[in-house]
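Undergrad: Sending over run.txt (compact mmCIF, C-alpha atoms and all ligand atoms).
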```
# COMPACT_ATOMS: atom_id res chain seq x y z
CA MET U 9 6.85 24.48 185.96
CA SER U 10 10.20 25.76 184.73
CA GLY U 11 13.64 25.04 186.15
CA PHE U 12 13.43 21.31 186.53
CA ILE U 13 13.39 18.25 184.33
CA ILE U 14 10.34 16.02 184.19
CA ALA U 15 10.78 12.26 183.72
CA LEU U 16 8.41 10.46 181.35
CA ALA U 17 7.80 6.73 180.89
CA SER U 18 5.21 4.52 179.27
CA ASP U 19 4.53 1.10 177.88
CA HIS U 20 3.23 0.57 174.32
CA ALA U 21 -0.36 1.31 175.37
CA GLY U 22 0.63 4.69 176.75
CA PHE U 23 3.15 5.52 174.04
CA ALA U 24 0.86 7.68 171.85
CA ARG U 25 -0.32 9.80 174.77
CA LYS U 26 3.28 10.22 175.96
CA GLN U 27 4.17 11.47 172.46
CA ALA U 28 1.44 14.10 172.78
CA ILE U 29 2.93 15.27 176.08
CA ILE U 30 6.42 15.33 174.54
CA ALA U 31 5.12 17.56 171.73
CA TYR U 32 3.42 19.80 174.31
CA PHE U 33 6.59 20.03 176.44
CA ARG U 34 8.68 20.90 173.36
CA GLU U 35 6.19 23.59 172.36
CA ARG U 36 6.32 25.07 175.88
CA GLY U 37 10.08 24.68 176.38
CA ILE U 38 9.59 22.31 179.33
CA SER U 39 12.64 20.08 179.92
CA PHE U 40 12.04 16.34 180.06
CA SER U 41 13.76 12.97 179.84
CA ASP U 42 11.94 10.13 178.12
CA LEU U 43 12.90 6.88 179.86
CA GLY U 44 11.06 4.73 177.32
CA CYS U 45 9.45 2.86 175.78
CA PHE U 46 10.34 4.21 172.36
CA SER U 47 7.72 2.68 170.06
CA ASP U 48 4.23 1.22 170.21
CA GLU U 49 5.61 -2.31 169.97
CA SER U 50 4.30 -4.51 172.77
CA CYS U 51 6.41 -4.36 175.94
CA ASP U 52 6.08 -4.84 179.71
CA TYR U 53 5.08 -1.84 181.83
CA PRO U 54 7.04 -2.91 184.98
CA GLU U 55 10.34 -2.30 183.17
CA TYR U 56 9.46 1.35 182.65
CA GLY U 57 7.65 1.72 185.98
CA HIS U 58 10.74 0.61 187.87
CA ALA U 59 13.05 2.76 185.73
CA ILE U 60 11.12 5.98 186.34
CA ALA U 61 10.59 5.18 190.02
CA GLN U 62 14.32 4.68 190.45
CA ALA U 63 15.06 7.92 188.56
CA VAL U 64 12.63 9.99 190.66
CA SER U 65 13.76 8.31 193.91
CA SER U 66 17.37 9.23 193.12
CA GLY U 67 16.46 12.92 193.20
CA ALA U 68 17.39 13.48 189.54
CA TYR U 69 13.77 14.41 188.74
CA PRO U 70 11.22 15.99 191.09
CA PHE U 71 8.29 14.49 189.18
CA GLY U 72 7.50 11.69 186.78
CA ILE U 73 4.60 11.29 184.39
CA THR U 74 3.73 7.73 183.42
CA PHE U 75 1.33 6.19 180.94
CA CYS U 76 0.04 2.69 180.31
CA GLY U 77 -3.31 1.49 179.00
CA THR U 78 -5.19 1.99 182.27
CA GLY U 79 -2.47 3.81 184.19
CA GLN U 80 -2.73 1.07 186.80
CA GLY U 81 0.12 -1.36 186.16
CA ILE U 82 2.86 1.22 185.76
CA SER U 83 1.57 3.03 188.86
CA MET U 84 1.42 -0.17 190.93
CA THR U 85 5.00 -0.89 189.92
CA ALA U 86 6.28 2.58 190.80
CA ASN U 87 4.55 2.47 194.17
CA LYS U 88 6.70 -0.50 195.21
CA HIS U 89 9.54 2.01 195.58
CA PRO U 90 9.56 3.50 199.10
CA LYS U 91 10.08 7.14 198.06
CA ILE U 92 7.39 7.07 195.38
CA ARG U 93 3.81 8.23 195.68
CA SER U 94 2.29 7.51 192.29
CA ALA U 95 -1.28 8.64 191.73
CA LEU U 96 -3.65 7.44 189.04
CA CYS U 97 -4.92 10.66 187.49
CA TRP U 98 -7.73 10.53 184.93
CA LYS U 99 -8.96 14.11 185.27
CA PRO U 100 -7.31 17.41 186.23
CA GLU U 101 -9.06 17.70 189.60
CA ILE U 102 -7.70 14.30 190.66
CA ALA U 103 -4.20 15.40 189.60
CA ARG U 104 -4.55 18.64 191.59
CA LEU U 105 -5.66 16.78 194.72
CA ALA U 106 -2.90 14.20 194.27
CA ARG U 107 -0.41 17.05 194.63
CA GLN U 108 -2.28 19.10 197.27
CA HIS U 109 -3.16 16.22 199.60
CA ASN U 110 -0.88 13.31 198.71
CA ASP U 111 2.30 15.09 197.58
CA ALA U 112 2.33 12.66 194.65
CA ASN U 113 5.63 12.61 192.80
CA ILE U 114 4.38 10.51 189.89
CA CYS U 115 1.24 11.18 187.88
CA SER U 116 -0.01 8.04 186.16
CA ILE U 117 -2.29 8.57 183.18
CA PRO U 118 -4.60 5.96 181.59
CA GLY U 119 -3.50 6.37 177.98
CA ARG U 120 -6.34 4.35 176.50
CA PHE U 121 -9.03 6.29 178.35
CA VAL U 122 -8.11 9.95 177.89
CA THR U 123 -7.60 12.12 174.81
CA ASP U 124 -4.38 14.03 174.11
CA ARG U 125 -6.13 17.22 175.22
CA GLU U 126 -7.28 15.62 178.47
CA ALA U 127 -3.79 14.25 179.13
CA ILE U 128 -2.31 17.74 178.68
CA ALA U 129 -4.85 19.23 181.11
CA ILE U 130 -4.02 16.51 183.66
CA VAL U 131 -0.27 17.10 183.34
CA ASP U 132 -0.72 20.88 183.65
CA ALA U 133 -2.83 20.49 186.79
CA PHE U 134 -0.29 18.10 188.31
CA LEU U 135 2.76 20.25 187.61
CA ASP U 136 1.11 23.55 188.54
CA THR U 137 -0.06 22.46 192.00
CA SER U 138 1.85 22.48 195.29
CA PHE U 139 1.55 20.22 198.31
CA GLU U 140 -0.48 21.77 201.14
CA GLY U 141 1.42 20.12 204.00
CA GLY U 142 -0.12 20.32 207.49
CA ARG U 143 -2.53 17.48 208.26
CA HIS U 144 -1.72 15.95 204.88
CA GLN U 145 1.93 15.55 205.86
CA ARG U 146 0.86 13.67 209.00
CA ARG U 147 -1.16 11.27 206.85
CA ILE U 148 1.62 10.79 204.32
CA ASP U 149 3.98 9.94 207.16
CA LYS U 150 1.66 7.02 207.98
CA ILE U 151 1.79 5.49 204.49
CA PRO U 152 5.07 3.49 204.82
CA ILE U 153 4.42 -0.05 206.02
CA ALA U 154 7.09 0.43 208.71
CA SER U 155 4.89 3.04 210.38
CA TYR U 156 1.89 0.69 210.62
CA LYS U 157 1.25 -0.92 213.99
CA GLU U 158 -1.31 -3.75 214.03
C1 LIG C 201 -1.31 -3.49 178.07
O1 LIG C 201 -2.17 -4.20 177.25
C2 LIG C 201 -2.02 -3.09 179.36
O2 LIG C 201 -2.32 -4.22 180.11
C3 LIG C 201 -1.17 -2.13 180.15
O3 LIG C 201 -0.88 -1.03 179.38
C4 LIG C 201 -1.81 -1.56 181.41
O4 LIG C 201 -3.09 -1.09 181.18
C5 LIG C 201 -1.71 -2.39 182.61
O5 LIG C 201 -2.03 -1.95 183.73
```
What does this structure look like when you write it as structure tokens?
TA:
Amino acid sequence: MSGFIIALASDHAGFARKQAIIAYFRERGISFSDLGCFSDESCDYPEYGHAIAQAVSSGAYPFGITFCGTGQGISMTANKHPKIRSALCWKPEIARLARQHNDANICSIPGRFVTDREAIAIVDAFLDTSFEGGRHQRRIDKIPIASYKE
């Protein structure tokens, strides 16, 4: 988990959970950049979903962790970016499989439906797990719309 910088982003509904992860990262000495939002004042998740997707796509960050109320909107937004595979992760096993099988580069957490403790366990599982490659790489290669033949 060490050696690289993790990007974080949320809307207002994910803000509190993101703060818990920031506190956890500080405690553990894990480097991160918070791309917003910066308060629990109402805002629009696509702004932060696009910002983190762009940042991860650029290669500046290997992984992003996102939060909104359900985890859905910010994940849907990020997945519009061709290099992004954002997975909605509501329990550690899902986060593990998102890395092992889908090589997810963004972990999207439903801030209103998990506790701080659960969010930490999800983030740990995501960051501690490697992609398995092999048959999973073949499947990932078929995700881009350009590879789909009707
Ligand atoms: C905000 O109320 C909520 O709609 C948003 O955080 C998210 O859950 C959308 O997918």
Undergrad: Give the residue list for ligand LIG 201 (chain C) at 9 Å, counting all atoms listed in the file, as a list of chain:residue names, sorted by chain and then by residue number.
TA: U:Ser18, U:Asp19, U:His20, U:Ala21, U:Gly22, U:Ser50, U:Cys51, U:Asp52, U:Tyr53, U:Phe75, U:Cys76, U:Gly77, U:Thr78, U:Gly79, U:Gln80, U:Gly81, U:Ile82, U:Ser83, U:Met84, U:Pro118, U:Gly119, U:Arg120
Undergrad: Name the closest residue to Lys26 of chain U among the candidates U:Ile73, U:Ala112, U:Ile102, U:Ala154; distances are taken between atoms, counting all atoms listed in the file.
TA: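 Once distances to Lys26 of chain U are computed over all atoms listed in the file, the minimum belongs to U:Ile73.
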Undergrad: Go through U:Ser39, U:Gln62, U:Asn87, U:Thr74 one by one, measure the shortest atom-to-atom distance of each to Ala17 of chain U using only C-alpha atoms, and give the residue with the smallest value.
TA: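 Of U:Ser39, U:Gln62, U:Asn87, U:Thr74, the one nearest Ala17 of chain U, counting only C-alpha atoms, is U:Thr74.
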Undergrad: With a distance cut-off of 9 Å and only C-alpha atoms, select the neighbouring residues of Ala24 of chain U, excluding the residue or stretch itself and same-chain residues fewer than 6 positions from it, and output the selection as number ranges by chain.
TA: U: 47-48, 119, 124
Undergrad: Can you list, as a PDB file with C-alpha atoms, keeping the file's coordinate frame, every protein, DNA or RNA residue that comes within 12 Å of Gln145 of chain U when you count all atoms listed in the file, leaving out same-chain residues fewer than 3 positions away?
TA:
```
ATOM      1  CA  ARG U 107      -0.410  17.050 194.630  1.00  0.00           C
ATOM      2  CA  GLN U 108      -2.280  19.100 197.270  1.00  0.00           C
ATOM      3  CA  HIS U 109      -3.160  16.220 199.600  1.00  0.00           C
ATOM      4  CA  ASN U 110      -0.880  13.310 198.710  1.00  0.00           C
ATOM      5  CA  ASP U 111       2.300  15.090 197.580  1.00  0.00           C
ATOM      6  CA  ALA U 112       2.330  12.660 194.650  1.00  0.00           C
ATOM      7  CA  PHE U 139       1.550  20.220 198.310  1.00  0.00           C
ATOM      8  CA  GLU U 140      -0.480  21.770 201.140  1.00  0.00           C
ATOM      9  CA  GLY U 141       1.420  20.120 204.000  1.00  0.00           C
ATOM     10  CA  GLY U 142      -0.120  20.320 207.490  1.00  0.00           C
ATOM     11  CA  ILE U 148       1.620  10.790 204.320  1.00  0.00           C
ATOM     12  CA  ASP U 149       3.980   9.940 207.160  1.00  0.00           C
ATOM     13  CA  LYS U 150       1.660   7.020 207.980  1.00  0.00           C
ATOM     14  CA  ILE U 151       1.790   5.490 204.490  1.00  0.00           C
TER      15      ILE U 151
END
```
Undergrad: For Lys99 of chain U, which residue among U:Ala28, U:Leu135, U:Ala129, U:Ile13 is the nearest when counting all atoms listed in the file?
TA: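 Of the candidates, the smallest distance to Lys99 of chain U is held by U:Ala129.
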Undergrad: Would you compute an axis-aligned box for segment 22-35 of chain U, covering every atom listed for it in the file with 5 Å of margin on each side, and report centre and edge lengths in Å to one decimal as JSON?
TA:
```
{"center_x": 4.2, "center_y": 14.1, "center_z": 174.2, "size_x": 19.0, "size_y": 28.9, "size_z": 15.0}
```
Undergrad: Could you add the missing atoms to segment 80-91 of chain U, up to all heavy atoms, and return them as a PDB file, in the frame of the given file?
TA:
```pdb
ATOM      1  N   GLN U  80      -2.810   1.834 185.554  1.00  0.00           N
ATOM      2  CA  GLN U  80      -2.730   1.070 186.800  1.00  0.00           C
ATOM      3  C   GLN U  80      -1.409   0.332 186.977  1.00  0.00           C
ATOM      4  O   GLN U  80      -0.751   0.464 188.011  1.00  0.00           O
ATOM      5  CB  GLN U  80      -3.865   0.020 186.856  1.00  0.00           C
ATOM      6  CG  GLN U  80      -5.258   0.582 186.731  1.00  0.00           C
ATOM      7  CD  GLN U  80      -5.840   1.095 188.049  1.00  0.00           C
ATOM      8  OE1 GLN U  80      -5.100   1.409 188.975  1.00  0.00           O
ATOM      9  NE2 GLN U  80      -7.146   1.181 188.112  1.00  0.00           N
ATOM     10  N   GLY U  81      -1.035  -0.484 185.983  1.00  0.00           N
ATOM     11  CA  GLY U  81       0.120  -1.360 186.160  1.00  0.00           C
ATOM     12  C   GLY U  81       1.410  -0.595 186.388  1.00  0.00           C
ATOM     13  O   GLY U  81       2.204  -0.947 187.276  1.00  0.00           O
ATOM     14  N   ILE U  82       1.608   0.467 185.628  1.00  0.00           N
ATOM     15  CA  ILE U  82       2.860   1.220 185.760  1.00  0.00           C
ATOM     16  C   ILE U  82       2.874   1.969 187.094  1.00  0.00           C
ATOM     17  O   ILE U  82       3.921   2.131 187.729  1.00  0.00           O
ATOM     18  CB  ILE U  82       3.078   2.148 184.523  1.00  0.00           C
ATOM     19  CG1 ILE U  82       4.549   2.538 184.396  1.00  0.00           C
ATOM     20  CG2 ILE U  82       2.140   3.335 184.511  1.00  0.00           C
ATOM     21  CD1 ILE U  82       4.944   3.043 183.007  1.00  0.00           C
ATOM     22  N   SER U  83       1.688   2.365 187.570  1.00  0.00           N
ATOM     23  CA  SER U  83       1.570   3.030 188.860  1.00  0.00           C
ATOM     24  C   SER U  83       1.798   2.049 190.008  1.00  0.00           C
ATOM     25  O   SER U  83       2.518   2.350 190.969  1.00  0.00           O
ATOM     26  CB  SER U  83       0.188   3.672 188.978  1.00  0.00           C
ATOM     27  OG  SER U  83       0.094   4.445 190.145  1.00  0.00           O
ATOM     28  N   MET U  84       1.208   0.862 189.903  1.00  0.00           N
ATOM     29  CA  MET U  84       1.420  -0.170 190.930  1.00  0.00           C
ATOM     30  C   MET U  84       2.891  -0.491 191.068  1.00  0.00           C
ATOM     31  O   MET U  84       3.417  -0.659 192.172  1.00  0.00           O
ATOM     32  CB  MET U  84       0.660  -1.448 190.562  1.00  0.00           C
ATOM     33  CG  MET U  84      -0.825  -1.348 190.700  1.00  0.00           C
ATOM     34  SD  MET U  84      -1.550  -2.912 190.169  1.00  0.00           S
ATOM     35  CE  MET U  84      -3.283  -2.514 190.296  1.00  0.00           C
ATOM     36  N   THR U  85       3.569  -0.586 189.923  1.00  0.00           N
ATOM     37  CA  THR U  85       5.000  -0.890 189.920  1.00  0.00           C
ATOM     38  C   THR U  85       5.782   0.210 190.618  1.00  0.00           C
ATOM     39  O   THR U  85       6.597  -0.048 191.516  1.00  0.00           O
ATOM     40  CB  THR U  85       5.508  -1.031 188.470  1.00  0.00           C
ATOM     41  OG1 THR U  85       4.722  -1.999 187.795  1.00  0.00           O
ATOM     42  CG2 THR U  85       6.975  -1.411 188.429  1.00  0.00           C
ATOM     43  N   ALA U  86       5.532   1.454 190.223  1.00  0.00           N
ATOM     44  CA  ALA U  86       6.280   2.580 190.800  1.00  0.00           C
ATOM     45  C   ALA U  86       6.061   2.668 192.305  1.00  0.00           C
ATOM     46  O   ALA U  86       6.986   2.992 193.061  1.00  0.00           O
ATOM     47  CB  ALA U  86       5.847   3.881 190.111  1.00  0.00           C
ATOM     48  N   ASN U  87       4.856   2.350 192.744  1.00  0.00           N
ATOM     49  CA  ASN U  87       4.550   2.470 194.170  1.00  0.00           C
ATOM     50  C   ASN U  87       5.226   1.415 195.043  1.00  0.00           C
ATOM     51  O   ASN U  87       5.153   1.482 196.265  1.00  0.00           O
ATOM     52  CB  ASN U  87       3.030   2.456 194.394  1.00  0.00           C
ATOM     53  CG  ASN U  87       2.442   3.856 194.256  1.00  0.00           C
ATOM     54  OD1 ASN U  87       3.049   4.842 194.650  1.00  0.00           O
ATOM     55  ND2 ASN U  87       1.255   3.938 193.680  1.00  0.00           N
ATOM     56  N   LYS U  88       5.897   0.460 194.431  1.00  0.00           N
ATOM     57  CA  LYS U  88       6.700  -0.500 195.210  1.00  0.00           C
ATOM     58  C   LYS U  88       7.978   0.151 195.727  1.00  0.00           C
ATOM     59  O   LYS U  88       8.650  -0.383 196.601  1.00  0.00           O
ATOM     60  CB  LYS U  88       7.067  -1.730 194.360  1.00  0.00           C
ATOM     61  CG  LYS U  88       5.882  -2.593 193.982  1.00  0.00           C
ATOM     62  CD  LYS U  88       5.262  -3.216 195.216  1.00  0.00           C
ATOM     63  CE  LYS U  88       4.036  -4.032 194.854  1.00  0.00           C
ATOM     64  NZ  LYS U  88       3.301  -4.452 196.065  1.00  0.00           N
ATOM     65  N   HIS U  89       8.325   1.300 195.165  1.00  0.00           N
ATOM     66  CA  HIS U  89       9.540   2.010 195.580  1.00  0.00           C
ATOM     67  C   HIS U  89       9.202   2.930 196.755  1.00  0.00           C
ATOM     68  O   HIS U  89       8.283   3.753 196.641  1.00  0.00           O
ATOM     69  CB  HIS U  89      10.123   2.807 194.402  1.00  0.00           C
ATOM     70  CG  HIS U  89      10.616   1.938 193.289  1.00  0.00           C
ATOM     71  ND1 HIS U  89      11.941   1.881 192.918  1.00  0.00           N
ATOM     72  CD2 HIS U  89       9.960   1.063 192.477  1.00  0.00           C
ATOM     73  CE1 HIS U  89      12.086   1.018 191.924  1.00  0.00           C
ATOM     74  NE2 HIS U  89      10.896   0.505 191.638  1.00  0.00           N
ATOM     75  N   PRO U  90       9.931   2.790 197.866  1.00  0.00           N
ATOM     76  CA  PRO U  90       9.560   3.500 199.100  1.00  0.00           C
ATOM     77  C   PRO U  90       9.391   5.020 198.971  1.00  0.00           C
ATOM     78  O   PRO U  90       8.555   5.597 199.646  1.00  0.00           O
ATOM     79  CB  PRO U  90      10.700   3.167 200.067  1.00  0.00           C
ATOM     80  CG  PRO U  90      11.318   1.932 199.548  1.00  0.00           C
ATOM     81  CD  PRO U  90      11.111   1.923 198.066  1.00  0.00           C
ATOM     82  N   LYS U  91      10.180   5.677 198.131  1.00  0.00           N
ATOM     83  CA  LYS U  91      10.080   7.140 198.060  1.00  0.00           C
ATOM     84  C   LYS U  91       9.023   7.618 197.064  1.00  0.00           C
ATOM     85  O   LYS U  91       8.860   8.820 196.854  1.00  0.00           O
ATOM     86  CB  LYS U  91      11.433   7.737 197.663  1.00  0.00           C
ATOM     87  CG  LYS U  91      12.500   7.585 198.735  1.00  0.00           C
ATOM     88  CD  LYS U  91      13.779   8.258 198.265  1.00  0.00           C
ATOM     89  CE  LYS U  91      14.892   8.072 199.274  1.00  0.00           C
ATOM     90  NZ  LYS U  91      16.183   8.521 198.731  1.00  0.00           N
TER      91      LYS U  91
END
```
